[in-house]
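*Asks:* This structure is in structure tokens; I'll ask about it shortly.
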Amino acid sequence: VSDPGALVVGGIGELVTNASDVPGDLAVLHDAAVAIEAGTVVWVGDETRLPGPYRGLPVLDVAGRAVVPGFVDAHTHVVFAGDRADEFARRLGGERYEDRLAAGGGILSTVAATRAAGEDELVAQAADRVERMLRAGTTTIEIKSGYGLDVETERRMLRVAHRLGHELPVDVVATFLGAHVVPAEYRDRRDAYVDLVCGPMMDACAPLAEFCDVFCDEAAFDVDESRRILEAGIAHGLRPRVHADQLSRVGAARLAAEVGAVAADHLDHVSDEDLAALAEAGTVAVFLPGVSLSMRAPYPDARRAWDAGVTVAIATDCNPGTAWMERMSFMVALAAIEMGLTPSQSLWAATRGGALALARPDRGRLMPGDRGDLVVLDAPSHLHIPYRPDTDLVGAVVAAGRVVGR
Ligand SMILES: [Zn+2]
């Protein structure tokens, strides 16, 4: 009986390994094979040189297709209740988001629905999405809290994230985002809400999370509030990441660099100096092209960040308000077509870049010692991902050495 996480993927016409220290260098091999044991890659190379000991493993012969590392979606809000299709329609009809928010809609309607939902209901709804994401090739996914905005619901959201990781063959990275927006009941007492986030909410949520995130922007938390929250997170063992400068330039990217954030996300309004600071700090820039598409907003220039020496990732930001999108392959296409990245850079950003944005060095790459996560494309080359953006090209998904795709 073989180890269930043991497999040789053979007959690979084009293998993207990302086995290079140079961002954007996909380190492509041809006529290759990948051997996986106990869920971990043990060998990668020319198929004719597959070492004897691995020749007895079960084989997935992909018949000349292309294989890429499993996608790493480094920014999602997939745990939520309800939907906001009406809001989407109104927005396309011309209504401004600020007016919607003032009317108690927008994110606050998702907060109300999520607070009202039980844990099992949240698991069931989110599992549908995460299963689709997995079948579309996402093998590692970050999931944020942030639709509870009270101690109990924030903690419930993080429990749901953990349950998804246990119930589905996807690796879940949990992020505490109590500082997503100031809830309605604290509108006139912001300081009291920041106290709550830094105190009892942090105490309750930190044991269930790896990162602490803050939405640092004009509509959410200012730089001083955000710094306080991120420092409280650090004191609780949570690594910082920031929703930074999406709506306007408030200094959030700079704050991210100053606190040594693992990632700064969105970055629609950053200066060259901000990008230099992120590059210097080693903070990964996570771009979210689905938001620009859904919000009809200008796309941020990911190429500019790349050329400034910043490590770049792309992610879905899957959420019910500004981007209900689940497929990383579509993000690869958008980033290549709309954000200035080359196809190679875009794929690297969706795999290796995402792994670095989550401080998971054994992901988004196929080298001995890395997790056995990969995607078999129904195409001869990874270039088909952006070239054929509306075709489902994912033929099979392997997560930790197990075939989970169709
Ligand atoms: Zn977000």
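Following the order of the structure tokens, chains are lettered A, B, ..., residues in each are numbered from 1, and ligands are numbered from 1.
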Might you pull out every residue within 8 Å of range 76-79 of chain A, with only C-alpha atoms counted and same-chain residues fewer than 6 positions away left off, and present them as a PyMOL selection string?

*Replies:* chain A and resi 122-123+125-126+129-130+141-146+157+160-161+315-319

*Asks:* Just want the 12 Å neighbourhood of Gly94 in chain A, counted on only C-alpha atoms, with same-chain residues fewer than 6 positions away dropped. Output as a ChimeraX atom specification.

*Replies:* /A:87-88,100,295-296

*Asks:* Mind dumping the selected residues with N, CA and C atoms as an mmCIF file, in the first residue's frame?

*Replies:*
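Ended up saving to part34.cif:
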```cif
data_model
loop_
_atom_site.group_PDB
_atom_site.id
_atom_site.type_symbol
_atom_site.label_atom_id
_atom_site.label_comp_id
_atom_site.auth_asym_id
_atom_site.auth_seq_id
_atom_site.Cartn_x
_atom_site.Cartn_y
_atom_site.Cartn_z
ATOM 1 N N GLU A 87 -26.140 45.591 -4.591
ATOM 2 C CA GLU A 87 -25.204 46.716 -4.515
ATOM 3 C C GLU A 87 -24.373 46.815 -5.794
ATOM 4 N N PHE A 88 -23.953 45.642 -6.278
ATOM 5 C CA PHE A 88 -23.175 45.608 -7.523
ATOM 6 C C PHE A 88 -23.977 46.239 -8.668
ATOM 7 N N ARG A 100 -23.749 54.342 -0.441
ATOM 8 C CA ARG A 100 -24.224 53.037 -0.006
ATOM 9 C C ARG A 100 -23.816 52.779 1.448
ATOM 10 N N MET A 295 -14.803 47.070 -9.661
ATOM 11 C CA MET A 295 -15.115 48.443 -9.249
ATOM 12 C C MET A 295 -14.967 49.436 -10.393
ATOM 13 N N ARG A 296 -14.604 48.945 -11.571
ATOM 14 C CA ARG A 296 -14.329 49.830 -12.706
ATOM 15 C C ARG A 296 -13.355 50.935 -12.314
#
```

*Asks:* Would you list the contacts of range 326-328 of chain A as an MDAnalysis selection string, taking every protein, DNA or RNA residue within 12 Å and counting only C-alpha atoms, but skipping same-chain residues closer than 4 positions in sequence?

*Replies:* chainID A and resid 70:78 126 128:141 288:291 313:320 332:335 346:351 354 375 385:386 389:394

*Asks:* Go ahead and write the selection's residues with C-alpha atoms as an mmCIF file, in the first residue's frame.

*Replies:*
```cif
data_model
loop_
_atom_site.group_PDB
_atom_site.id
_atom_site.type_symbol
_atom_site.label_atom_id
_atom_site.label_comp_id
_atom_site.auth_asym_id
_atom_site.auth_seq_id
_atom_site.Cartn_x
_atom_site.Cartn_y
_atom_site.Cartn_z
ATOM 1 C CA GLY A 70 -0.202 25.312 -7.078
ATOM 2 C CA PHE A 71 -1.542 28.854 -6.885
ATOM 3 C CA VAL A 72 -1.121 30.706 -3.593
ATOM 4 C CA ASP A 73 -4.010 33.124 -3.030
ATOM 5 C CA ALA A 74 -2.499 35.487 -0.462
ATOM 6 C CA HIS A 75 -5.501 37.763 0.136
ATOM 7 C CA THR A 76 -9.106 36.617 0.555
ATOM 8 C CA HIS A 77 -12.220 37.325 2.595
ATOM 9 C CA VAL A 78 -14.013 34.098 1.625
ATOM 10 C CA ALA A 126 -17.335 29.285 2.523
ATOM 11 C CA ASP A 128 -18.461 25.953 -1.545
ATOM 12 C CA ARG A 129 -16.183 28.807 -2.547
ATOM 13 C CA VAL A 130 -12.967 27.252 -1.287
ATOM 14 C CA GLU A 131 -13.730 23.967 -3.053
ATOM 15 C CA ARG A 132 -14.182 25.821 -6.324
ATOM 16 C CA MET A 133 -10.927 27.679 -5.684
ATOM 17 C CA LEU A 134 -9.136 24.414 -5.014
ATOM 18 C CA ARG A 135 -10.491 22.833 -8.194
ATOM 19 C CA ALA A 136 -9.248 25.963 -9.994
ATOM 20 C CA GLY A 137 -5.743 25.314 -8.706
ATOM 21 C CA THR A 138 -5.447 27.257 -5.449
ATOM 22 C CA THR A 139 -3.689 24.975 -2.974
ATOM 23 C CA THR A 140 -2.788 27.565 -0.318
ATOM 24 C CA ILE A 141 -5.250 30.283 0.653
ATOM 25 C CA LEU A 288 -5.636 42.616 -6.519
ATOM 26 C CA PRO A 289 -6.714 43.038 -10.144
ATOM 27 C CA GLY A 290 -10.227 41.691 -9.574
ATOM 28 C CA VAL A 291 -11.069 44.749 -7.473
ATOM 29 C CA ALA A 313 2.246 38.952 -5.622
ATOM 30 C CA ILE A 314 -1.264 38.868 -7.041
ATOM 31 C CA ALA A 315 -4.369 37.554 -5.298
ATOM 32 C CA THR A 316 -8.142 37.463 -5.723
ATOM 33 C CA ASP A 317 -9.283 39.546 -2.699
ATOM 34 C CA CYS A 318 -12.349 37.288 -2.984
ATOM 35 C CA ASN A 319 -15.061 39.167 -1.063
ATOM 36 C CA PRO A 320 -18.775 39.884 -1.516
ATOM 37 C CA VAL A 332 -2.894 35.975 -13.844
ATOM 38 C CA ALA A 333 -4.630 37.025 -17.042
ATOM 39 C CA LEU A 334 -5.813 40.376 -15.649
ATOM 40 C CA ALA A 335 -2.404 41.226 -14.205
ATOM 41 C CA SER A 346 2.208 37.396 -13.573
ATOM 42 C CA LEU A 347 2.344 33.617 -13.094
ATOM 43 C CA TRP A 348 5.324 33.954 -10.744
ATOM 44 C CA ALA A 349 3.386 36.571 -8.726
ATOM 45 C CA ALA A 350 0.406 34.181 -8.411
ATOM 46 C CA THR A 351 2.583 31.316 -7.197
ATOM 47 C CA GLY A 354 1.942 34.636 -3.097
ATOM 48 C CA VAL A 375 -1.647 22.274 -11.324
ATOM 49 C CA ILE A 385 -3.344 31.104 -18.966
ATOM 50 C CA PRO A 386 -3.400 34.802 -19.923
ATOM 51 C CA PRO A 389 -8.429 34.036 -20.096
ATOM 52 C CA ASP A 390 -12.001 32.725 -20.211
ATOM 53 C CA THR A 391 -11.166 29.045 -20.722
ATOM 54 C CA ASP A 392 -10.949 26.693 -17.756
ATOM 55 C CA LEU A 393 -7.508 25.234 -18.398
ATOM 56 C CA VAL A 394 -7.094 23.404 -15.090
#
```

*Asks:* So that I can check the surroundings of Gly11 in chain A, please list as a list in words every protein, DNA and RNA residue that reaches within 9 Å of it, counting only C-alpha atoms and ignoring chain neighbours fewer than 2 positions away.

*Replies:*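 So the residues in contact are Val9, Gly13, Asp31, Ala32, Ala33, Glu47, Leu60, Asp61, Val62, Ala63, Gly64 and Arg65 of chain A.
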
*Asks:* So that I have them on file, write out the residues from the current selection with N, CA and C atoms, as a tab-separated table (two decimals), in the first residue's frame.

*Replies:*
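Now in part02.tsv:
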```tsv
chain	number	residue	atom	x	y	z
A	9	VAL	N	4.45	12.65	-11.04
A	9	VAL	CA	3.76	13.31	-12.15
A	9	VAL	C	4.74	13.28	-13.31
A	13	GLY	N	5.20	18.15	-20.45
A	13	GLY	CA	5.80	18.81	-21.60
A	13	GLY	C	6.54	20.07	-21.21
A	31	ASP	N	9.97	17.99	-20.81
A	31	ASP	CA	10.02	16.52	-20.72
A	31	ASP	C	10.44	16.11	-19.31
A	32	ALA	N	9.70	16.63	-18.35
A	32	ALA	CA	10.12	16.52	-16.96
A	32	ALA	C	9.17	15.64	-16.15
A	33	ALA	N	9.63	15.32	-14.95
A	33	ALA	CA	8.79	14.61	-13.98
A	33	ALA	C	9.03	15.22	-12.60
A	47	GLU	N	12.68	13.54	-17.13
A	47	GLU	CA	11.97	12.31	-16.78
A	47	GLU	C	12.83	11.05	-17.00
A	60	LEU	N	0.98	9.77	-12.36
A	60	LEU	CA	0.00	10.58	-13.07
A	60	LEU	C	0.69	11.05	-14.35
A	61	ASP	N	0.32	10.43	-15.47
A	61	ASP	CA	0.94	10.79	-16.75
A	61	ASP	C	0.13	11.90	-17.39
A	62	VAL	N	0.73	13.07	-17.56
A	62	VAL	CA	-0.04	14.22	-18.05
A	62	VAL	C	0.11	14.41	-19.57
A	63	ALA	N	0.77	13.47	-20.23
A	63	ALA	CA	0.74	13.39	-21.71
A	63	ALA	C	1.14	14.69	-22.40
A	64	GLY	N	2.24	15.26	-21.97
A	64	GLY	CA	2.78	16.42	-22.67
A	64	GLY	C	2.21	17.76	-22.24
A	65	ARG	N	1.30	17.75	-21.28
A	65	ARG	CA	0.71	19.02	-20.84
A	65	ARG	C	1.71	19.84	-20.02
```

*Asks:* Report as a PyMOL selection string all protein, DNA and RNA residues lying within 10 Å of Gly237 in chain A, evaluated on only C-alpha atoms, omitting residues in the same chain fewer than 2 positions from it.

*Replies:* chain A and resi 206-207+209-212+231-235+239-240

*Asks:* For the selection just defined, write its residues with C-alpha atoms to a file, as a JSON list (two decimals), in the first residue's frame.

*Replies:*
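Output file selection.json follows:
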```json
[["chain", "number", "residue", "atom", "x", "y", "z"],
["A", 206, "ALA", "CA", -4.48, 35.92, 18.26],
["A", 207, "PRO", "CA", -4.32, 32.21, 19.19],
["A", 209, "ALA", "CA", -4.32, 33.59, 13.59],
["A", 210, "GLU", "CA", -0.87, 33.94, 12.11],
["A", 211, "PHE", "CA", -1.13, 37.50, 10.81],
["A", 212, "CYS", "CA", -2.71, 40.77, 11.92],
["A", 231, "GLU", "CA", 2.10, 46.68, 17.24],
["A", 232, "ALA", "CA", -0.46, 45.06, 19.52],
["A", 233, "GLY", "CA", -0.58, 42.19, 17.03],
["A", 234, "ILE", "CA", 3.21, 41.87, 17.05],
["A", 235, "ALA", "CA", 3.11, 41.76, 20.86],
["A", 239, "ARG", "CA", 3.05, 39.16, 11.90],
["A", 240, "PRO", "CA", 1.77, 42.40, 10.32]]
```

*Asks:* In terms of the shortest atom-to-atom distance over only C-alpha atoms, which of A:Gly45, A:Gly364, A:Gly369, A:Gly10 is closest to Val68 in chain A?

*Replies:*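 Counting only C-alpha atoms, the residue closest to Val68 in chain A is A:Gly364.
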
*Asks:* Given the choices A:Asp203, A:Asp224, A:Asp265, A:Glu167, which gets closest to ligand 1 if the distance is worked out from only C-alpha atoms and all ligand atoms?

*Replies:*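 Distance minimum relative to ligand 1 lands on A:Asp265.
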
*Asks:* Determine which residues of range 41-252 of chain A DSSP labels as helix (DSSP H, G or I) from the backbone of this structure, then write them out as a VMD selection string.

*Replies:* chain A and resid 47 to 49 52 to 54 85 to 92 97 to 102 107 to 116 119 to 135 151 to 167 184 to 186 190 to 208 223 to 235 252

*Asks:* To one decimal in Å, tell me the separation between CA of Thr17 in chain A and CA of Gly39 in chain A.

*Replies:*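 Atom-to-atom, CA of Thr17 in chain A and CA of Gly39 in chain A are spaced 16.6 Å apart.
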